[in-house]
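Text of input.txt (compact mmCIF, C-alpha atoms) as supplied:
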# COMPACT_ATOMS: atom_id res chain seq x y z
CA ASP H 298 68.16 100.28 -81.35
CA THR H 299 68.80 103.78 -80.11
CA GLY H 300 69.86 105.25 -83.41
CA VAL H 301 73.04 107.10 -84.27
CA SER H 302 74.21 109.49 -81.59
CA GLN H 303 76.72 112.31 -81.82
CA ASN H 304 78.45 114.33 -79.14
CA PRO H 305 78.67 117.16 -78.53
CA ARG H 306 75.67 118.62 -80.34
CA HIS H 307 77.24 122.07 -80.41
CA LYS H 308 80.83 123.21 -80.15
CA ILE H 309 82.15 126.75 -80.14
CA THR H 310 85.90 127.09 -80.35
CA LYS H 311 88.48 129.72 -81.09
CA ARG H 312 90.53 129.62 -84.24
CA GLY H 313 93.63 127.51 -83.83
CA GLN H 314 92.17 125.19 -81.20
CA ASN H 315 91.71 121.46 -81.68
CA VAL H 316 88.30 119.83 -81.46
CA THR H 317 87.12 116.23 -81.35
CA PHE H 318 83.68 114.88 -82.13
CA ARG H 319 82.31 111.47 -81.31
CA CYS H 320 79.84 109.29 -83.20
CA ASP H 321 78.17 106.15 -81.88
CA PRO H 322 76.56 104.21 -84.74
CA ILE H 323 73.73 101.73 -84.65
CA SER H 324 75.31 98.71 -82.99
CA GLU H 325 74.95 96.13 -85.75
CA HIS H 326 76.09 98.47 -88.53
CA ASN H 327 79.52 97.78 -90.01
CA ARG H 328 79.90 101.01 -91.97
CA LEU H 329 80.30 104.49 -90.56
CA TYR H 330 80.44 107.71 -92.55
CA TRP H 331 81.36 111.31 -91.81
CA TYR H 332 79.88 114.21 -93.75
CA ARG H 333 80.15 117.97 -93.54
CA GLN H 334 77.18 120.20 -94.26
CA THR H 335 77.33 123.95 -94.67
CA LEU H 336 74.35 126.27 -94.75
CA GLY H 337 72.20 125.77 -97.80
CA GLN H 338 74.14 122.78 -99.04
CA GLY H 339 73.74 119.05 -99.00
CA PRO H 340 76.02 116.83 -96.96
CA GLU H 341 79.50 116.44 -98.43
CA PHE H 342 81.30 113.16 -97.96
CA LEU H 343 84.44 113.26 -95.83
CA THR H 344 85.38 109.65 -95.09
CA TYR H 345 84.01 106.25 -94.25
CA PHE H 346 84.95 103.12 -92.33
CA GLN H 347 84.07 99.51 -92.80
CA ASN H 348 84.51 98.02 -89.36
CA GLU H 349 87.80 99.58 -88.15
CA ALA H 350 89.29 100.14 -91.60
CA GLN H 351 89.16 103.61 -93.11
CA LEU H 352 88.47 102.81 -96.75
CA GLU H 353 88.07 106.15 -98.42
CA LYS H 354 88.83 109.81 -97.74
CA SER H 355 87.60 112.81 -99.66
CA ARG H 356 90.02 115.48 -100.81
CA LEU H 357 87.95 117.77 -98.56
CA LEU H 358 89.64 116.01 -95.66
CA SER H 359 92.80 118.06 -95.29
CA ASP H 360 95.73 116.92 -93.17
CA ARG H 361 94.24 118.86 -90.26
CA PHE H 362 91.40 116.34 -90.13
CA SER H 363 91.76 112.82 -88.79
CA ALA H 364 89.18 110.15 -88.12
CA GLU H 365 89.41 106.90 -86.24
CA ARG H 366 87.25 103.94 -85.49
CA PRO H 367 89.56 101.94 -83.26
CA LYS H 368 87.40 98.93 -82.42
CA GLY H 369 84.94 99.11 -85.24
CA SER H 370 82.31 100.64 -83.00
CA PHE H 371 82.32 104.38 -82.20
CA SER H 372 84.31 106.85 -84.25
CA THR H 373 86.01 110.16 -83.57
CA LEU H 374 86.68 113.04 -85.92
CA GLU H 375 89.41 115.45 -84.85
CA ILE H 376 90.13 118.81 -86.41
CA GLN H 377 93.46 120.36 -85.52
CA ARG H 378 94.23 124.09 -85.70
CA THR H 379 90.65 124.97 -86.54
CA GLU H 380 89.92 127.69 -89.08
CA GLN H 381 86.78 129.77 -89.53
CA GLY H 382 86.09 127.86 -92.74
CA ASP H 383 85.67 124.70 -90.67
CA SER H 384 82.43 126.08 -89.23
CA ALA H 385 79.74 123.65 -90.35
CA MET H 386 77.49 120.83 -89.25
CA TYR H 387 79.36 117.54 -89.03
CA LEU H 388 77.11 114.57 -89.64
CA CYS H 389 77.74 110.93 -88.91
CA ALA H 390 75.85 108.10 -90.54
CA SER H 391 75.95 104.33 -90.30
CA SER H 392 74.74 101.50 -92.47
CA PHE H 393 74.88 97.76 -92.86
CA TYR H 394 76.81 96.80 -95.95
CA LEU H 395 76.36 93.38 -97.44
CA LEU H 396 77.90 91.58 -100.37
CA ALA H 397 74.93 89.64 -101.71
CA GLY H 398 75.26 87.17 -104.55
CA GLY H 399 78.31 88.88 -105.93
CA ARG H 400 76.65 92.29 -105.93
CA ARG H 401 77.34 94.92 -103.37
CA VAL H 402 74.15 96.07 -101.70
CA PRO H 403 74.41 99.43 -99.98
CA TYR H 404 71.75 99.66 -97.39
CA GLU H 405 70.41 103.09 -96.53
CA GLN H 406 72.44 105.32 -94.25
CA TYR H 407 71.02 106.35 -90.90
CA PHE H 408 72.11 109.76 -89.76
CA GLY H 409 72.82 111.18 -86.35
CA PRO H 410 71.64 114.66 -85.28
CA GLY H 411 74.99 116.21 -86.11
CA THR H 412 77.53 118.36 -84.30
CA ARG H 413 77.41 122.04 -85.13
CA LEU H 414 80.87 123.60 -85.00
CA THR H 415 81.38 127.33 -84.78
CA VAL H 416 84.91 128.64 -85.04
CA THR H 417 85.31 132.23 -83.84
CA ALA O 98 81.56 110.11 -110.26
CA GLN O 99 77.90 110.06 -109.47
CA SER O 100 75.96 113.27 -109.06
CA VAL O 101 72.42 114.49 -108.60
CA THR O 102 70.81 117.77 -109.51
CA GLN O 103 67.83 119.11 -107.64
CA LEU O 104 65.97 121.70 -109.66
CA GLY O 105 64.46 124.43 -107.54
CA SER O 106 66.17 125.30 -104.28
CA HIS O 107 62.87 126.58 -102.89
CA VAL O 108 59.38 125.24 -103.53
CA SER O 109 56.18 126.65 -102.05
CA VAL O 110 52.84 124.88 -102.14
CA SER O 111 49.50 125.45 -100.50
CA GLU O 112 48.32 123.06 -97.83
CA GLY O 113 46.48 120.22 -99.57
CA ALA O 114 48.18 120.80 -102.92
CA LEU O 115 50.44 118.41 -104.82
CA VAL O 116 54.10 118.36 -103.83
CA LEU O 117 56.63 117.76 -106.60
CA LEU O 118 60.36 117.92 -105.87
CA ARG O 119 62.69 117.23 -108.77
CA CYS O 120 65.86 115.14 -108.85
CA ASN O 121 67.93 114.13 -111.85
CA TYR O 122 70.97 111.91 -111.68
CA SER O 123 73.98 111.52 -113.91
CA SER O 124 75.19 107.99 -114.46
CA SER O 125 75.50 105.61 -117.37
CA VAL O 126 74.35 102.80 -115.12
CA PRO O 127 71.19 103.27 -113.05
CA PRO O 128 72.36 103.90 -109.53
CA TYR O 129 70.72 103.44 -106.17
CA LEU O 130 68.66 106.53 -105.32
CA PHE O 131 67.40 107.92 -102.03
CA TRP O 132 65.32 110.79 -100.73
CA TYR O 133 66.00 112.19 -97.27
CA VAL O 134 64.23 114.89 -95.26
CA GLN O 135 65.91 117.22 -92.79
CA TYR O 136 64.11 119.32 -90.21
CA PRO O 137 65.89 122.33 -88.68
CA ASN O 138 68.87 121.44 -86.51
CA GLN O 139 68.33 117.74 -87.02
CA GLY O 140 69.98 114.95 -88.96
CA LEU O 141 68.61 113.43 -92.14
CA GLN O 142 65.74 110.95 -92.13
CA LEU O 143 65.22 108.47 -94.96
CA LEU O 144 61.95 108.94 -96.84
CA LEU O 145 62.37 106.24 -99.47
CA LYS O 146 64.90 104.41 -101.63
CA TYR O 147 65.20 102.86 -105.08
CA THR O 148 67.47 99.83 -105.44
CA SER O 149 66.19 98.36 -108.74
CA ALA O 150 63.00 96.67 -107.67
CA ALA O 151 59.73 98.45 -108.51
CA THR O 152 60.21 101.78 -110.28
CA LEU O 153 57.46 103.40 -108.21
CA VAL O 154 58.66 103.54 -104.65
CA LYS O 155 56.44 104.38 -101.69
CA GLY O 156 57.94 105.93 -98.61
CA ILE O 157 56.93 107.30 -95.27
CA ASN O 158 54.52 110.17 -94.62
CA GLY O 159 52.66 109.62 -97.89
CA PHE O 160 55.62 110.38 -100.16
CA GLU O 161 56.49 108.39 -103.23
CA ALA O 162 59.00 108.64 -106.06
CA GLU O 163 59.21 107.18 -109.55
CA PHE O 164 62.44 106.06 -111.15
CA LYS O 165 62.49 106.95 -114.87
CA LYS O 166 65.58 105.65 -116.62
CA SER O 167 64.78 107.40 -119.91
CA GLU O 168 64.67 110.75 -118.12
CA THR O 169 67.39 109.94 -115.54
CA SER O 170 64.96 111.23 -112.94
CA PHE O 171 63.72 110.29 -109.50
CA HIS O 172 61.17 112.97 -108.61
CA LEU O 173 59.49 113.00 -105.20
CA THR O 174 55.75 113.54 -104.95
CA LYS O 175 52.99 113.72 -102.37
CA PRO O 176 49.35 114.16 -103.39
CA SER O 177 48.39 116.51 -100.58
CA ALA O 178 50.81 118.71 -98.68
CA HIS O 179 50.59 119.02 -94.91
CA MET O 180 52.02 121.79 -92.79
CA SER O 181 54.36 119.28 -91.16
CA ASP O 182 55.98 118.58 -94.54
CA ALA O 183 57.80 121.90 -94.42
CA ALA O 184 61.49 120.93 -94.35
CA GLU O 185 64.62 120.53 -96.47
CA TYR O 186 64.62 117.58 -98.87
CA PHE O 187 67.74 115.94 -100.27
CA CYS O 188 68.13 113.51 -103.13
CA ALA O 189 71.14 111.18 -102.92
CA VAL O 190 72.76 108.66 -105.24
CA SER O 191 75.05 105.71 -104.68
CA ASP O 192 76.90 103.75 -107.32
CA ARG O 193 75.41 100.24 -107.57
CA ASN O 194 78.76 98.74 -108.54
CA THR O 195 80.83 100.09 -105.68
CA GLY O 196 78.14 100.78 -103.10
CA ASN O 197 80.34 103.26 -101.36
CA GLN O 198 79.70 106.89 -100.52
CA PHE O 199 76.47 108.72 -101.10
CA TYR O 200 76.40 111.88 -103.19
CA PHE O 201 73.79 114.42 -102.15
CA GLY O 202 72.08 117.16 -104.08
CA THR O 203 72.02 120.72 -102.81
CA GLY O 204 68.56 120.30 -101.38
CA THR O 205 65.10 121.77 -101.89
CA SER O 206 63.45 123.78 -99.15
CA LEU O 207 59.71 123.09 -99.07
CA THR O 208 57.35 125.73 -97.67
CA VAL O 209 53.72 124.86 -97.07
CA ILE O 210 51.34 127.81 -97.10
CA PRO O 211 48.23 127.48 -94.94
File written out as structure tokens:
Amino acid sequence: DTGVSQNPRHKITKRGQNVTFRCDPISEHNRLYWYRQTLGQGPEFLTYFQNEAQLEKSRLLSDRFSAERPKGSFSTLEIQRTEQGDSAMYLCASSFYLLAGGRRVPYEQYFGPGTRLTVT
Amino acid sequence: AQSVTQLGSHVSVSEGALVLLRCNYSSSVPPYLFWYVQYPNQGLQLLLKYTSAATLVKGINGFEAEFKKSETSFHLTKPSAHMSDAAEYFCAVSDRNTGNQFYFGTGTSLTVIP
């Protein structure tokens, strides 16, 4: 178990450019989450996948943002036409989600180190 | 929707003193509750979690938290602060019925004074 990894760790881009981030979750985890964290704030939910299905998207996820998890393993988050307001830390987390005895049991989320995006 | 409130964005304690970080949740049904710690330029690390077993939950690094339904609280404590405890602490909540996304508080920055 090597933990959740994210690449790149830092990204500096000019306004209007597209960027893509990658997240590799813990291998046996079936859920993968994306969060955005700005300075002095807690992580804000963006979207999550169960296996390859994207089950929920926050209204924070504008149409410039798209996320994929094509084979239910790694995930990518793409931001098109970046804006200065997109500057933030983008965090990925994974968890193992189990339906136990009719009750959904959300196991804890394990976070990656994040990708810090700076849009100039 | 679930939410958590962390009272006190900054807390300072002396080394060896009691640490108390406050978290209150809003939900008509007791949710699942978590405390995470974040060191500078790193991701979040789970300290402890409450999922309806014992109300007093022990975590890593000597931290513990008590779930109090009557007060809708899940405060984090540590009897004796260490310099290495200086970090940002986040309380998070997840709905026990849907088990979907986590909702995080705004965080409490802990400073430990030598």
Problem - From O:His179, O:Val154, O:Leu143, O:Glu161, residue lying nearest chain H [all atoms listed in the file] - result: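 Ranked by minimum distance to chain H, first place goes to O:Leu143.
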Problem - Using all atoms listed in the file: which of O:Leu115, O:Val126, O:Cys188, O:Leu173 has the shortest distance to chain H - result: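 Comparing O:Leu115, O:Val126, O:Cys188, O:Leu173 against chain H, the winner is O:Cys188.
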Fill in the blank from the handout: Using all atoms listed in the file, the shortest atom-to-atom distance to Thr203 in chain O among H:Gln381, H:Thr335, H:Asn348, H:Thr317 belongs to H:Thr335
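Residues in contact range of Gly204 in chain O, defined as at most 7 Å between only C-alpha atoms, with sequence neighbours fewer than 6 positions away removed, read Gln338 and Gly339 of chain H; Gln103, Ser106, Glu185, Tyr186 and Phe187 of chain O.
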Exercise: Trp331 in chain H partners within 6 Å, all atoms listed in the file, chain neighbours under 5 positions left out, as a PDB file with C-alpha atoms, in the frame of the given file:
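As a result, result-v6.pdb now contains:
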ATOM      1  CA  LEU H 343      84.440 113.260 -95.830  1.00  0.00           C
ATOM      2  CA  THR H 344      85.380 109.650 -95.090  1.00  0.00           C
ATOM      3  CA  LEU H 388      77.110 114.570 -89.640  1.00  0.00           C
ATOM      4  CA  CYS H 389      77.740 110.930 -88.910  1.00  0.00           C
TER       5      CYS H 389
END
Problem - Between CA of Ser206 in chain O and CA of Lys155 in chain O, distance in Å (one decimal) - result: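 We find that CA of Ser206 in chain O and CA of Lys155 in chain O lie 20.8 Å from each other.
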Practice task
Calculate how many Å separate CA of Thr310 in chain H from CA of Glu380 in chain H, rounding to one decimal.
Solution key: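 Between CA of Thr310 in chain H and CA of Glu380 in chain H the gap works out to 9.6 Å.
Counting all atoms listed in the file, the residue from O:Leu118, O:Ala184, O:Ser100, O:His172 that sits nearest to Gln142 in chain O is O:Ala184.
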Handout entry: Which of O:Cys120, O:Tyr136, O:Leu141, O:Lys165 sits closest to Thr208 in chain O [using all atoms listed in the file]
Key =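 Under the stated criterion, the closest residue is O:Tyr136.
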Problem - Residue contacts of Tyr407 in chain H (9 Å, all atoms listed in the file) excluding same-chain residues fewer than 2 positions away, as a PyMOL selection string - result: (chain H and resi 300-301+322-323+389-392+405+409) or (chain O and resi 140-143)
Residues from last step as file, C-alpha atoms, as a compact mmCIF listing (two decimals), in the coordinates of the input:
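Below you can see result_7.txt, which holds the result:
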# COMPACT_ATOMS: atom_id res chain seq x y z
CA GLY H 300 69.86 105.25 -83.41
CA VAL H 301 73.04 107.10 -84.27
CA PRO H 322 76.56 104.21 -84.74
CA ILE H 323 73.73 101.73 -84.65
CA CYS H 389 77.74 110.93 -88.91
CA ALA H 390 75.85 108.10 -90.54
CA SER H 391 75.95 104.33 -90.30
CA SER H 392 74.74 101.50 -92.47
CA GLU H 405 70.41 103.09 -96.53
CA GLY H 409 72.82 111.18 -86.35
CA GLY O 140 69.98 114.95 -88.96
CA LEU O 141 68.61 113.43 -92.14
CA GLN O 142 65.74 110.95 -92.13
CA LEU O 143 65.22 108.47 -94.96
Exercise for the section: Write down, as an NGL selection string, each residue of chain H that has any atom within 12 Å of an atom of chain O, counting only C-alpha atoms. Expected result: :H and (300-303 or 306-307 or 328-347 or 352-355 or 385-397 or 399-413)
Same residues, C-alpha atoms, saved as a PDB file, in the frame of the given file:
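To be explicit, this is the file written out as again15.pdb:
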ATOM      1  CA  GLY H 300      69.860 105.250 -83.410  1.00  0.00           C
ATOM      2  CA  VAL H 301      73.040 107.100 -84.270  1.00  0.00           C
ATOM      3  CA  SER H 302      74.210 109.490 -81.590  1.00  0.00           C
ATOM      4  CA  GLN H 303      76.720 112.310 -81.820  1.00  0.00           C
ATOM      5  CA  ARG H 306      75.670 118.620 -80.340  1.00  0.00           C
ATOM      6  CA  HIS H 307      77.240 122.070 -80.410  1.00  0.00           C
ATOM      7  CA  ARG H 328      79.900 101.010 -91.970  1.00  0.00           C
ATOM      8  CA  LEU H 329      80.300 104.490 -90.560  1.00  0.00           C
ATOM      9  CA  TYR H 330      80.440 107.710 -92.550  1.00  0.00           C
ATOM     10  CA  TRP H 331      81.360 111.310 -91.810  1.00  0.00           C
ATOM     11  CA  TYR H 332      79.880 114.210 -93.750  1.00  0.00           C
ATOM     12  CA  ARG H 333      80.150 117.970 -93.540  1.00  0.00           C
ATOM     13  CA  GLN H 334      77.180 120.200 -94.260  1.00  0.00           C
ATOM     14  CA  THR H 335      77.330 123.950 -94.670  1.00  0.00           C
ATOM     15  CA  LEU H 336      74.350 126.270 -94.750  1.00  0.00           C
ATOM     16  CA  GLY H 337      72.200 125.770 -97.800  1.00  0.00           C
ATOM     17  CA  GLN H 338      74.140 122.780 -99.040  1.00  0.00           C
ATOM     18  CA  GLY H 339      73.740 119.050 -99.000  1.00  0.00           C
ATOM     19  CA  PRO H 340      76.020 116.830 -96.960  1.00  0.00           C
ATOM     20  CA  GLU H 341      79.500 116.440 -98.430  1.00  0.00           C
ATOM     21  CA  PHE H 342      81.300 113.160 -97.960  1.00  0.00           C
ATOM     22  CA  LEU H 343      84.440 113.260 -95.830  1.00  0.00           C
ATOM     23  CA  THR H 344      85.380 109.650 -95.090  1.00  0.00           C
ATOM     24  CA  TYR H 345      84.010 106.250 -94.250  1.00  0.00           C
ATOM     25  CA  PHE H 346      84.950 103.120 -92.330  1.00  0.00           C
ATOM     26  CA  GLN H 347      84.070  99.510 -92.800  1.00  0.00           C
ATOM     27  CA  LEU H 352      88.470 102.810 -96.750  1.00  0.00           C
ATOM     28  CA  GLU H 353      88.070 106.150 -98.420  1.00  0.00           C
ATOM     29  CA  LYS H 354      88.830 109.810 -97.740  1.00  0.00           C
ATOM     30  CA  SER H 355      87.600 112.810 -99.660  1.00  0.00           C
ATOM     31  CA  ALA H 385      79.740 123.650 -90.350  1.00  0.00           C
ATOM     32  CA  MET H 386      77.490 120.830 -89.250  1.00  0.00           C
ATOM     33  CA  TYR H 387      79.360 117.540 -89.030  1.00  0.00           C
ATOM     34  CA  LEU H 388      77.110 114.570 -89.640  1.00  0.00           C
ATOM     35  CA  CYS H 389      77.740 110.930 -88.910  1.00  0.00           C
ATOM     36  CA  ALA H 390      75.850 108.100 -90.540  1.00  0.00           C
ATOM     37  CA  SER H 391      75.950 104.330 -90.300  1.00  0.00           C
ATOM     38  CA  SER H 392      74.740 101.500 -92.470  1.00  0.00           C
ATOM     39  CA  PHE H 393      74.880  97.760 -92.860  1.00  0.00           C
ATOM     40  CA  TYR H 394      76.810  96.800 -95.950  1.00  0.00           C
ATOM     41  CA  LEU H 395      76.360  93.380 -97.440  1.00  0.00           C
ATOM     42  CA  LEU H 396      77.900  91.580-100.370  1.00  0.00           C
ATOM     43  CA  ALA H 397      74.930  89.640-101.710  1.00  0.00           C
ATOM     44  CA  GLY H 399      78.310  88.880-105.930  1.00  0.00           C
ATOM     45  CA  ARG H 400      76.650  92.290-105.930  1.00  0.00           C
ATOM     46  CA  ARG H 401      77.340  94.920-103.370  1.00  0.00           C
ATOM     47  CA  VAL H 402      74.150  96.070-101.700  1.00  0.00           C
ATOM     48  CA  PRO H 403      74.410  99.430 -99.980  1.00  0.00           C
ATOM     49  CA  TYR H 404      71.750  99.660 -97.390  1.00  0.00           C
ATOM     50  CA  GLU H 405      70.410 103.090 -96.530  1.00  0.00           C
ATOM     51  CA  GLN H 406      72.440 105.320 -94.250  1.00  0.00           C
ATOM     52  CA  TYR H 407      71.020 106.350 -90.900  1.00  0.00           C
ATOM     53  CA  PHE H 408      72.110 109.760 -89.760  1.00  0.00           C
ATOM     54  CA  GLY H 409      72.820 111.180 -86.350  1.00  0.00           C
ATOM     55  CA  PRO H 410      71.640 114.660 -85.280  1.00  0.00           C
ATOM     56  CA  GLY H 411      74.990 116.210 -86.110  1.00  0.00           C
ATOM     57  CA  THR H 412      77.530 118.360 -84.300  1.00  0.00           C
ATOM     58  CA  ARG H 413      77.410 122.040 -85.130  1.00  0.00           C
TER      59      ARG H 413
END
Handout entry: d(CA of Gln99 in chain O, CA of Asp383 in chain H) in Å
Key = 25.1 Å
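Protein, DNA and RNA residues at most 6 Å from (87.5, 112.8, -81.1), with only C-alpha atoms, are these: Thr317, Phe318, Arg319, Thr373, Leu374 and Glu375 of chain H.
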Handout entry: Asn121 in chain O surroundings by all atoms listed in the file, 6 Å radius, close-in-sequence under 3 positions cut, as a list in words
Key = Val101, Thr102, Thr169 and Ser170 of chain O
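When all atoms listed in the file are used to measure the gap to Trp132 in chain O, the shortest distance among O:Val108, O:Val209, O:Glu163, O:Ala178 belongs to O:Glu163.
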Handout entry: Distance query 9 Å from (59.0, 104.1, -111.7) using all atoms listed in the file, result as an MDAnalysis selection string
Key = chainID O and resid 151:154 162:166 171
